[in-house]
file query37.cif (mmCIF, C-alpha atoms)
data_my_file
loop_
_atom_site.group_PDB
_atom_site.id
_atom_site.type_symbol
_atom_site.label_atom_id
_atom_site.label_comp_id
_atom_site.auth_asym_id
_atom_site.auth_seq_id
_atom_site.Cartn_x
_atom_site.Cartn_y
_atom_site.Cartn_z
ATOM 1 C CA MET O 174 110.624 85.534 110.002
ATOM 2 C CA THR O 175 107.247 86.960 109.100
ATOM 3 C CA ARG O 176 103.854 85.279 109.298
ATOM 4 C CA ILE O 177 100.981 86.190 107.013
ATOM 5 C CA THR O 178 97.455 84.912 106.505
ATOM 6 C CA VAL O 179 96.801 83.616 103.001
ATOM 7 C CA ARG O 180 93.466 82.683 101.419
ATOM 8 C CA VAL O 181 94.001 80.233 98.536
ATOM 9 C CA ARG O 182 91.655 79.512 95.641
ATOM 10 C CA PRO O 183 92.758 76.173 94.144
ATOM 11 C CA GLY O 184 91.780 75.104 90.636
ATOM 12 C CA ALA O 185 91.895 78.654 89.234
ATOM 13 C CA ARG O 186 92.592 79.300 85.556
ATOM 14 C CA ARG O 187 96.033 80.672 86.387
ATOM 15 C CA SER O 188 98.214 81.061 89.426
ATOM 16 C CA GLY O 189 99.006 84.447 90.893
ATOM 17 C CA VAL O 190 98.463 86.954 93.657
ATOM 18 C CA VAL O 191 94.985 88.482 93.557
ATOM 19 C CA ASP O 192 95.129 91.125 96.282
ATOM 20 C CA TYR O 193 95.867 91.979 99.874
ATOM 21 C CA ASP O 194 92.947 93.275 101.877
ATOM 22 C CA GLY O 195 91.956 93.169 105.516
ATOM 23 C CA GLY O 196 95.212 91.532 106.534
ATOM 24 C CA VAL O 197 94.657 88.562 104.203
ATOM 25 C CA LEU O 198 96.671 87.846 101.060
ATOM 26 C CA ARG O 199 94.509 86.208 98.382
ATOM 27 C CA ILE O 200 96.229 83.919 95.897
ATOM 28 C CA ASN O 201 94.815 81.858 93.037
ATOM 29 C CA VAL O 202 96.553 78.583 92.215
ATOM 30 C CA ALA O 203 95.918 76.569 89.080
ATOM 31 C CA ALA O 204 96.778 73.301 90.829
ATOM 32 C CA PRO O 205 94.009 71.139 92.302
ATOM 33 C CA PRO O 206 93.730 70.799 96.084
ATOM 34 C CA SER O 207 94.519 67.080 96.003
ATOM 35 C CA GLU O 208 97.835 65.436 96.878
ATOM 36 C CA ASN O 209 99.311 68.668 98.296
ATOM 37 C CA ARG O 210 99.565 70.186 94.801
ATOM 38 C CA ALA O 211 97.826 73.459 95.699
ATOM 39 C CA ASN O 212 100.140 73.954 98.684
ATOM 40 C CA GLU O 213 103.194 73.380 96.512
ATOM 41 C CA GLU O 214 101.879 75.827 93.919
ATOM 42 C CA LEU O 215 101.197 78.392 96.649
ATOM 43 C CA ILE O 216 104.830 78.171 97.738
ATOM 44 C CA ASN O 217 105.946 78.504 94.102
ATOM 45 C CA VAL O 218 103.817 81.637 93.617
ATOM 46 C CA LEU O 219 105.114 83.283 96.794
ATOM 47 C CA ALA O 220 108.731 82.372 96.035
ATOM 48 C CA GLY O 221 108.411 83.822 92.546
ATOM 49 C CA GLU O 222 106.726 87.020 93.723
ATOM 50 C CA LEU O 223 109.238 87.588 96.517
ATOM 51 C CA LYS O 224 112.199 86.372 94.455
ATOM 52 C CA ILE O 225 113.376 84.001 97.173
ATOM 53 C CA GLY O 226 113.986 80.270 97.393
ATOM 54 C CA ARG O 227 111.117 77.895 98.142
ATOM 55 C CA SER O 228 112.916 76.690 101.276
ATOM 56 C CA ARG O 229 112.384 80.126 102.848
ATOM 57 C CA ILE O 230 108.590 79.655 102.865
ATOM 58 C CA ARG O 231 106.641 77.298 105.145
ATOM 59 C CA ILE O 232 102.962 76.643 105.641
ATOM 60 C CA LEU O 233 102.418 76.548 109.401
ATOM 61 C CA ARG O 234 98.640 76.040 109.557
ATOM 62 C CA GLY O 235 95.814 75.226 107.205
ATOM 63 C CA PHE O 236 97.370 72.444 105.136
ATOM 64 C CA THR O 237 93.967 71.107 104.090
ATOM 65 C CA GLY O 238 91.955 74.333 104.164
ATOM 66 C CA ARG O 239 91.825 77.428 102.002
ATOM 67 C CA GLN O 240 92.981 79.765 104.743
ATOM 68 C CA LYS O 241 96.588 79.262 105.773
ATOM 69 C CA ILE O 242 99.236 80.802 107.987
ATOM 70 C CA VAL O 243 102.481 81.075 106.040
ATOM 71 C CA GLU O 244 105.894 81.866 107.472
ATOM 72 C CA ILE O 245 108.357 83.645 105.206
ATOM 73 C CA ASP O 246 112.033 84.000 106.030
ATOM 74 C CA LEU O 247 112.194 87.745 105.369
ATOM 75 C CA PRO O 248 112.095 90.750 107.708
ATOM 76 C CA PRO O 249 108.577 92.078 108.428
ATOM 77 C CA GLN O 250 109.462 95.456 106.904
ATOM 78 C CA GLN O 251 110.319 93.830 103.570
ATOM 79 C CA ILE O 252 107.040 91.879 103.539
ATOM 80 C CA ASP O 253 105.079 95.028 104.463
ATOM 81 C CA GLU O 254 106.681 96.947 101.594
ATOM 82 C CA TRP O 255 105.866 94.132 99.161
ATOM 83 C CA LEU O 256 102.247 93.980 100.350
ATOM 84 C CA ALA O 257 101.909 97.768 100.086
ATOM 85 C CA GLY O 258 103.243 97.563 96.539
ATOM 86 C CA LEU O 259 100.670 94.911 95.683
ATOM 87 C CA HIS O 260 97.853 97.129 96.834
ATOM 88 C CA ALA O 261 99.169 100.033 94.765
ATOM 89 C CA THR O 262 99.760 98.071 91.540
ATOM 90 C CA ARG O 263 96.655 95.857 91.365
ATOM 91 C CA SER O 264 93.749 97.340 89.470
ATOM 92 C CA PRO O 265 90.082 96.269 89.135
ATOM 93 C CA THR O 266 90.810 95.097 85.581
ATOM 94 C CA ASP O 267 93.791 92.944 86.594
ATOM 95 C CA PRO O 268 93.330 89.547 84.858
ATOM 96 C CA ASN O 269 94.606 87.695 87.951
ATOM 97 C CA GLN O 270 91.574 88.742 89.960
#

call {"tool": "encode", "arguments": {"input": "query37.cif", "output": "C-alpha cells"}}
result
Amino acid sequence: MTRITVRVRPGARRSGVVDYDGGVLRINVAAPPSENRANEELINVLAGELKIGRSRIRILRGFTGRQKIVEIDLPPQQIDEWLAGLHATRSPTDPNQ
C-alpha cells in the first residue's frame, strides 16, 4: 500500500493528471465537486493511469476538500516509477495542464 497527496481541481474542462511536484500529484477532474462526483472521477483517473481496478484505490482524507490523501494498493517502488515517468513525459505545452 502506498499513500500519496493529491490536489484535485474539480470542474475542469477535461480529466487527467496535470503534474507531480513538491510531493503533490495534481489532477484535474471534469466532474463537479457535488454529490461525491469529483472523488469518483479522481479514482477513475488514477485507476486508468495506473491500469488497476478502482477497488485498489481509496481516499483516506480530504473527502470534501481539494487536497486529499489517497491510498493505492501498489508497492511504493511502482508508484515512484510512475510518478517519475509523469515528470519526464509532461511538457509545458501539455493540454492537460

call {"tool": "residues_around", "arguments": {"input": "query37.cif", "residues": "stretch 207-221 of chain O", "least_positions_apart": "6", "cutoff": "8 Å", "atoms": "only C-alpha atoms", "output": "PyMOL selection string"}}
result
chain O and resi 181+183+188-190+200+227+230-232+236

call {"tool": "atom_distance", "arguments": {"input": "query37.cif", "atom1": "atom CA of O:Gly184", "atom2": "atom CA of O:Val202"}}
result
6.1 Å

call {"tool": "atom_distance", "arguments": {"input": "query37.cif", "atom1": "atom CA of O:Ser228", "atom2": "atom CA of O:Thr178"}}
result
18.3 Å

call {"tool": "atom_distance", "arguments": {"input": "query37.cif", "atom1": "atom CA of O:Ile245", "atom2": "atom CA of O:Leu198"}}
result
13.1 Å

call {"tool": "resolve_selection", "arguments": {"input": "query37.cif", "expression": "the PyMOL selection byres ((chain O and resi 180) around 6)", "output": "ChimeraX atom specification"}}
result
/O:179,181,199,239-240

call {"tool": "closest_residue", "arguments": {"input": "query37.cif", "among": "O:Val191, O:Ala203, O:Ala185, O:Leu223", "to": "O:Asp253", "atoms": "only C-alpha atoms"}}
result
O:Leu223

call {"tool": "residues_around", "arguments": {"input": "query37.cif", "residues": "O:Arg176", "least_positions_apart": "2", "cutoff": "9 Å", "atoms": "all atoms listed in the file", "output": "MDAnalysis selection string"}}
result
chainID O and resid 174 178 233 242:246 249

call {"tool": "write_last_selection", "arguments": {"input": "query37.cif", "atoms": "C-alpha atoms", "output": "mmCIF file, in the frame of the given file"}}
result
data_model
loop_
_atom_site.group_PDB
_atom_site.id
_atom_site.type_symbol
_atom_site.label_atom_id
_atom_site.label_comp_id
_atom_site.auth_asym_id
_atom_site.auth_seq_id
_atom_site.Cartn_x
_atom_site.Cartn_y
_atom_site.Cartn_z
ATOM 1 C CA MET O 174 110.624 85.534 110.002
ATOM 2 C CA THR O 178 97.455 84.912 106.505
ATOM 3 C CA LEU O 233 102.418 76.548 109.401
ATOM 4 C CA ILE O 242 99.236 80.802 107.987
ATOM 5 C CA VAL O 243 102.481 81.075 106.040
ATOM 6 C CA GLU O 244 105.894 81.866 107.472
ATOM 7 C CA ILE O 245 108.357 83.645 105.206
ATOM 8 C CA ASP O 246 112.033 84.000 106.030
ATOM 9 C CA PRO O 249 108.577 92.078 108.428
#
